[in-house]
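Working notes for the structure below.
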Amino acid sequence: MTKRDYYEVLGVPKGATEEVVRKAFRKKALEYHPDRNKSPDAEGKFKEVNEAYQVLIDPQKRAQYDRFGHAGVSGGQSQDFAGYDIFGGFGDIFDSFFGDITGRGRQRAAQRGDDLQVRLTVDFEDAVFGTEREVEVARVERCQRCQGACSEPGTGTSSCSTCRGVGQVRRSQRSMFGQFSQVTTCPSCKGRGSTLDSPCTQCSGVGTERRNRKISVKIPPGVDDGNQIRLSGEGNAGTNGGPAGNLYIYLTVNDHEVFARDGRNLVYELPLNIVQATLGDEVQIPTLNGTETLRIPPGTQPGAVFQIKGQGVHQVNEHRRGDIVVPVRIQVPSALDSRQKKLLEELSETLEKPNDPAIRDRGLFSKIKDALS
């Protein structure tokens, strides 16, 4: 794409002075800056205006351009500014020449306070049924004496004599890219645009102070280990009228001595001896509300799982509760006395042995006979 003449881009005559070039650039940059001009070609035109300015404001580059045209300044000059990355983006280069278009320093903008996080350990039952606890937080709060105004009560502020109330100061400097006018935060008023007649004696004119606070936290039923509770507006205070941050309560839940937790369900492993599993039984199962009777049917096999409905954990913000899941673990005795051993031997004589070859063969013969018949 053929580049336009730099003088034409800025709209200045060939013999224009530096001041005329600078004023023309300011006008064009304001017109095409992408933050102000939303047309599709605004960004390209802004780059073109800036490229022309970088050449025409520098006497040496301008002389090369007047003599050789674009070829005289094509040694990498334009690519240095193609993305404006060396200035951190369009907003920064725009502000470096013109300042904040609102007429206020950047530091005067309202800023939200920082979020805070506190760890809280709760017992298993408190996590299941909910509770209320207190946490102590060290946070930044608005000064109680001046209420964030930074000055002594009854006193006011005066317009900053250094920046004349703007909050920014402009300084010019020359660099390898030419002469720049740079806008920085006013060192006297720190961007406020005004100075305190009498700084607050409690916060030294900052407007905030650090305090320890005890904050009540409602823990809803059903929370689990690793959950977070957000308390809006309980973090650090904002600055320049900005809102406070949030406080996040990070929960750690202690283990239970009887139950394990699986989401909304509680898990209780039930040990049974071989007689209970064979003949059946009624056993008492602990719950968080007392005990429940569970009937074990005769012939219960290893791996069987029973349930006690509605005795588990609440779903957060719901009334529905999970169950108690009861997996069976059959205990085989590792040592027997003589009487127990004799009784089991007598029982063994009355039972079929599943691994007896005769029984296996008889079972196979029966299946073939049934199929043929």
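Following the order of the structure tokens, first chain is A, next is B, and so on, with residues numbered from 1 inside each chain and ligands from 1 in the order they appear.
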Counting only C-alpha atoms, what is within 9 Å of stretch 308-317 of chain A, bar same-chain residues fewer than 5 positions away, as a list in words?
Ala127, Val128, Phe129, Pro220, Pro221, Gly222, Val223, Arg261, Gly263, Arg264, Asn265, Leu266, Val267, Ile285, Thr287, Leu288, Asn289, Glu292, Leu294, Gly322, Asp323, Ile324, Val325 and Val326 of chain A
Put those residues in a file: C-alpha atoms, as a short mmCIF file (atom, residue, chain, number, x, y, z; two decimals), in the first residue's frame.
data_model
loop_
_atom_site.label_atom_id
_atom_site.label_comp_id
_atom_site.auth_asym_id
_atom_site.auth_seq_id
_atom_site.Cartn_x
_atom_site.Cartn_y
_atom_site.Cartn_z
CA ALA A 127 -20.30 -28.35 58.44
CA VAL A 128 -23.28 -30.72 58.12
CA PHE A 129 -25.82 -28.73 60.13
CA PRO A 220 -24.74 -22.77 55.83
CA PRO A 221 -25.57 -26.47 56.28
CA GLY A 222 -23.81 -28.79 53.85
CA VAL A 223 -20.48 -27.00 53.30
CA ARG A 261 -18.25 -38.17 53.49
CA GLY A 263 -20.86 -35.54 48.61
CA ARG A 264 -24.31 -35.49 50.24
CA ASN A 265 -23.93 -39.04 51.60
CA LEU A 266 -22.24 -40.32 54.73
CA VAL A 267 -20.43 -43.66 54.59
CA ILE A 285 -26.25 -47.89 63.06
CA THR A 287 -26.28 -41.36 62.76
CA LEU A 288 -25.66 -37.69 63.44
CA ASN A 289 -29.04 -37.62 65.20
CA GLU A 292 -31.11 -46.27 63.59
CA LEU A 294 -30.86 -51.78 60.37
CA GLY A 322 -28.48 -37.35 51.47
CA ASP A 323 -28.32 -40.88 52.91
CA ILE A 324 -26.07 -42.99 55.11
CA VAL A 325 -24.48 -45.61 52.88
CA VAL A 326 -23.62 -48.83 54.77
#
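For the choices A:Ser204, A:Gln340, A:Gln331, A:Gln54, the atom-to-atom distance to A:Gly303 is smallest for A:Gln331 when using only C-alpha atoms.
Taking atom CA of A:Lys28 and atom CA of A:Glu43 as the two end points, the separation is 12.0 Å.
The two atoms in question, atom CA of A:Arg139 and atom CA of A:Val253, are spaced 25.1 Å apart.
Closest to A:Gln276 among A:Cys160, A:Ile296, A:Val328, A:Ala260 is A:Ile296, based on only C-alpha atoms.
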Filtered DSSP result for stretch 265-364 of chain A, state strand (DSSP E or B), as number ranges by chain:
A: 265-267, 270-273, 281-287, 290-296, 305-308, 314, 321, 324-331
Write the residues you've just listed into a file as a compact mmCIF listing (two decimals), in the first residue's frame, and include N, CA, C and O atoms for each of them.
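So result-v1.txt came out as:
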# COMPACT_ATOMS: atom_id res chain seq x y z
N ASN A 265 -23.76 -37.80 50.85
CA ASN A 265 -23.93 -39.04 51.60
C ASN A 265 -22.83 -39.21 52.65
O ASN A 265 -21.70 -38.76 52.47
N LEU A 266 -23.20 -39.89 53.73
CA LEU A 266 -22.24 -40.32 54.73
C LEU A 266 -22.00 -41.81 54.55
O LEU A 266 -22.92 -42.57 54.22
N VAL A 267 -20.78 -42.25 54.77
CA VAL A 267 -20.43 -43.66 54.59
C VAL A 267 -20.02 -44.24 55.94
O VAL A 267 -19.14 -43.69 56.62
N LEU A 270 -19.87 -51.27 57.92
CA LEU A 270 -20.44 -52.13 58.95
C LEU A 270 -19.72 -53.48 58.98
O LEU A 270 -19.79 -54.26 58.02
N PRO A 271 -19.04 -53.80 60.08
CA PRO A 271 -18.41 -55.12 60.21
C PRO A 271 -19.44 -56.15 60.71
O PRO A 271 -20.18 -55.90 61.65
N LEU A 272 -19.50 -57.31 60.05
CA LEU A 272 -20.37 -58.41 60.46
C LEU A 272 -19.55 -59.68 60.56
O LEU A 272 -18.63 -59.91 59.76
N ASN A 273 -19.88 -60.54 61.55
CA ASN A 273 -19.23 -61.85 61.57
C ASN A 273 -20.01 -62.79 60.67
O ASN A 273 -21.09 -62.48 60.17
N ASP A 281 -29.50 -60.50 61.11
CA ASP A 281 -29.43 -59.87 62.42
C ASP A 281 -30.07 -58.49 62.34
O ASP A 281 -30.39 -58.00 61.24
N GLU A 282 -30.25 -57.87 63.48
CA GLU A 282 -30.63 -56.47 63.56
C GLU A 282 -29.53 -55.73 64.32
O GLU A 282 -29.16 -56.12 65.43
N VAL A 283 -28.99 -54.68 63.70
CA VAL A 283 -27.86 -53.95 64.29
C VAL A 283 -28.23 -52.48 64.40
O VAL A 283 -29.09 -51.97 63.67
N GLN A 284 -27.56 -51.79 65.32
CA GLN A 284 -27.76 -50.36 65.52
C GLN A 284 -26.69 -49.59 64.73
O GLN A 284 -25.49 -49.81 64.92
N ILE A 285 -27.15 -48.70 63.89
CA ILE A 285 -26.25 -47.89 63.06
C ILE A 285 -26.22 -46.47 63.62
O ILE A 285 -27.28 -45.85 63.80
N PRO A 286 -25.03 -45.93 63.90
CA PRO A 286 -24.97 -44.55 64.40
C PRO A 286 -25.34 -43.56 63.30
O PRO A 286 -25.04 -43.77 62.12
N THR A 287 -26.00 -42.48 63.65
CA THR A 287 -26.28 -41.36 62.76
C THR A 287 -25.88 -40.09 63.49
O THR A 287 -25.53 -40.12 64.66
N GLY A 290 -28.46 -39.66 66.39
CA GLY A 290 -28.69 -40.76 67.32
C GLY A 290 -28.34 -42.08 66.67
O GLY A 290 -27.27 -42.22 66.08
N THR A 291 -29.24 -43.10 66.77
CA THR A 291 -29.01 -44.40 66.15
C THR A 291 -30.24 -44.82 65.38
O THR A 291 -31.37 -44.40 65.66
N GLU A 292 -30.03 -45.70 64.39
CA GLU A 292 -31.11 -46.27 63.59
C GLU A 292 -30.92 -47.78 63.55
O GLU A 292 -29.79 -48.29 63.46
N THR A 293 -32.04 -48.53 63.61
CA THR A 293 -31.99 -49.97 63.53
C THR A 293 -31.96 -50.41 62.07
O THR A 293 -32.78 -49.97 61.26
N LEU A 294 -30.99 -51.28 61.74
CA LEU A 294 -30.86 -51.78 60.37
C LEU A 294 -31.00 -53.31 60.40
O LEU A 294 -30.30 -53.99 61.15
N ARG A 295 -31.91 -53.84 59.60
CA ARG A 295 -32.11 -55.29 59.53
C ARG A 295 -31.19 -55.89 58.49
O ARG A 295 -31.21 -55.49 57.32
N ILE A 296 -30.41 -56.86 58.90
CA ILE A 296 -29.50 -57.57 58.00
C ILE A 296 -30.18 -58.87 57.60
O ILE A 296 -30.44 -59.74 58.45
N VAL A 305 -24.43 -53.62 50.16
CA VAL A 305 -24.52 -52.22 50.58
C VAL A 305 -25.97 -51.91 50.97
O VAL A 305 -26.90 -52.20 50.21
N PHE A 306 -26.14 -51.33 52.15
CA PHE A 306 -27.46 -50.92 52.62
C PHE A 306 -27.49 -49.39 52.73
O PHE A 306 -26.46 -48.72 52.70
N GLN A 307 -28.69 -48.84 52.86
CA GLN A 307 -28.85 -47.39 52.96
C GLN A 307 -29.84 -47.03 54.06
O GLN A 307 -30.83 -47.74 54.27
N ILE A 308 -29.54 -45.93 54.73
CA ILE A 308 -30.48 -45.33 55.66
C ILE A 308 -30.85 -43.97 55.08
O ILE A 308 -30.02 -43.05 55.01
N HIS A 314 -27.05 -32.14 54.22
CA HIS A 314 -27.85 -31.20 53.44
C HIS A 314 -27.09 -30.76 52.19
O HIS A 314 -25.87 -30.56 52.22
N ARG A 321 -31.70 -33.86 52.25
CA ARG A 321 -30.50 -34.48 52.80
C ARG A 321 -30.17 -35.75 52.05
O ARG A 321 -31.03 -36.41 51.47
N ILE A 324 -27.21 -42.28 54.54
CA ILE A 324 -26.07 -42.99 55.11
C ILE A 324 -25.90 -44.28 54.33
O ILE A 324 -26.82 -45.11 54.27
N VAL A 325 -24.78 -44.43 53.68
CA VAL A 325 -24.48 -45.61 52.88
C VAL A 325 -23.71 -46.58 53.78
O VAL A 325 -22.70 -46.20 54.39
N VAL A 326 -24.19 -47.84 53.85
CA VAL A 326 -23.62 -48.83 54.77
C VAL A 326 -23.08 -50.02 53.99
O VAL A 326 -23.82 -50.98 53.71
N PRO A 327 -21.82 -50.00 53.57
CA PRO A 327 -21.22 -51.19 52.95
C PRO A 327 -20.86 -52.22 54.02
O PRO A 327 -20.43 -51.86 55.12
N VAL A 328 -21.06 -53.49 53.71
CA VAL A 328 -20.82 -54.57 54.67
C VAL A 328 -19.40 -55.12 54.51
O VAL A 328 -18.92 -55.33 53.39
N ARG A 329 -18.76 -55.31 55.64
CA ARG A 329 -17.44 -55.96 55.66
C ARG A 329 -17.53 -57.18 56.58
O ARG A 329 -17.68 -57.04 57.79
N ILE A 330 -17.50 -58.39 55.98
CA ILE A 330 -17.63 -59.63 56.75
C ILE A 330 -16.27 -60.02 57.30
O ILE A 330 -15.30 -60.19 56.55
N GLN A 331 -16.24 -60.20 58.60
CA GLN A 331 -14.99 -60.54 59.28
C GLN A 331 -14.87 -62.05 59.44
O GLN A 331 -15.76 -62.71 59.98
Separation of atom CA of A:Thr157 from atom CA of A:Ser194, in Å and rounded to one decimal
6.1 Å
What lies within 10 Å of A:Thr155 using only C-alpha atoms, ignoring chain neighbours under 5 positions off, as an MDAnalysis selection string?
chainID A and resid 149:150 196:200
From the list A:Leu279, A:Val55, A:Leu347, A:Ala42, the nearest residue to A:Arg22 using only C-alpha atoms is A:Val55
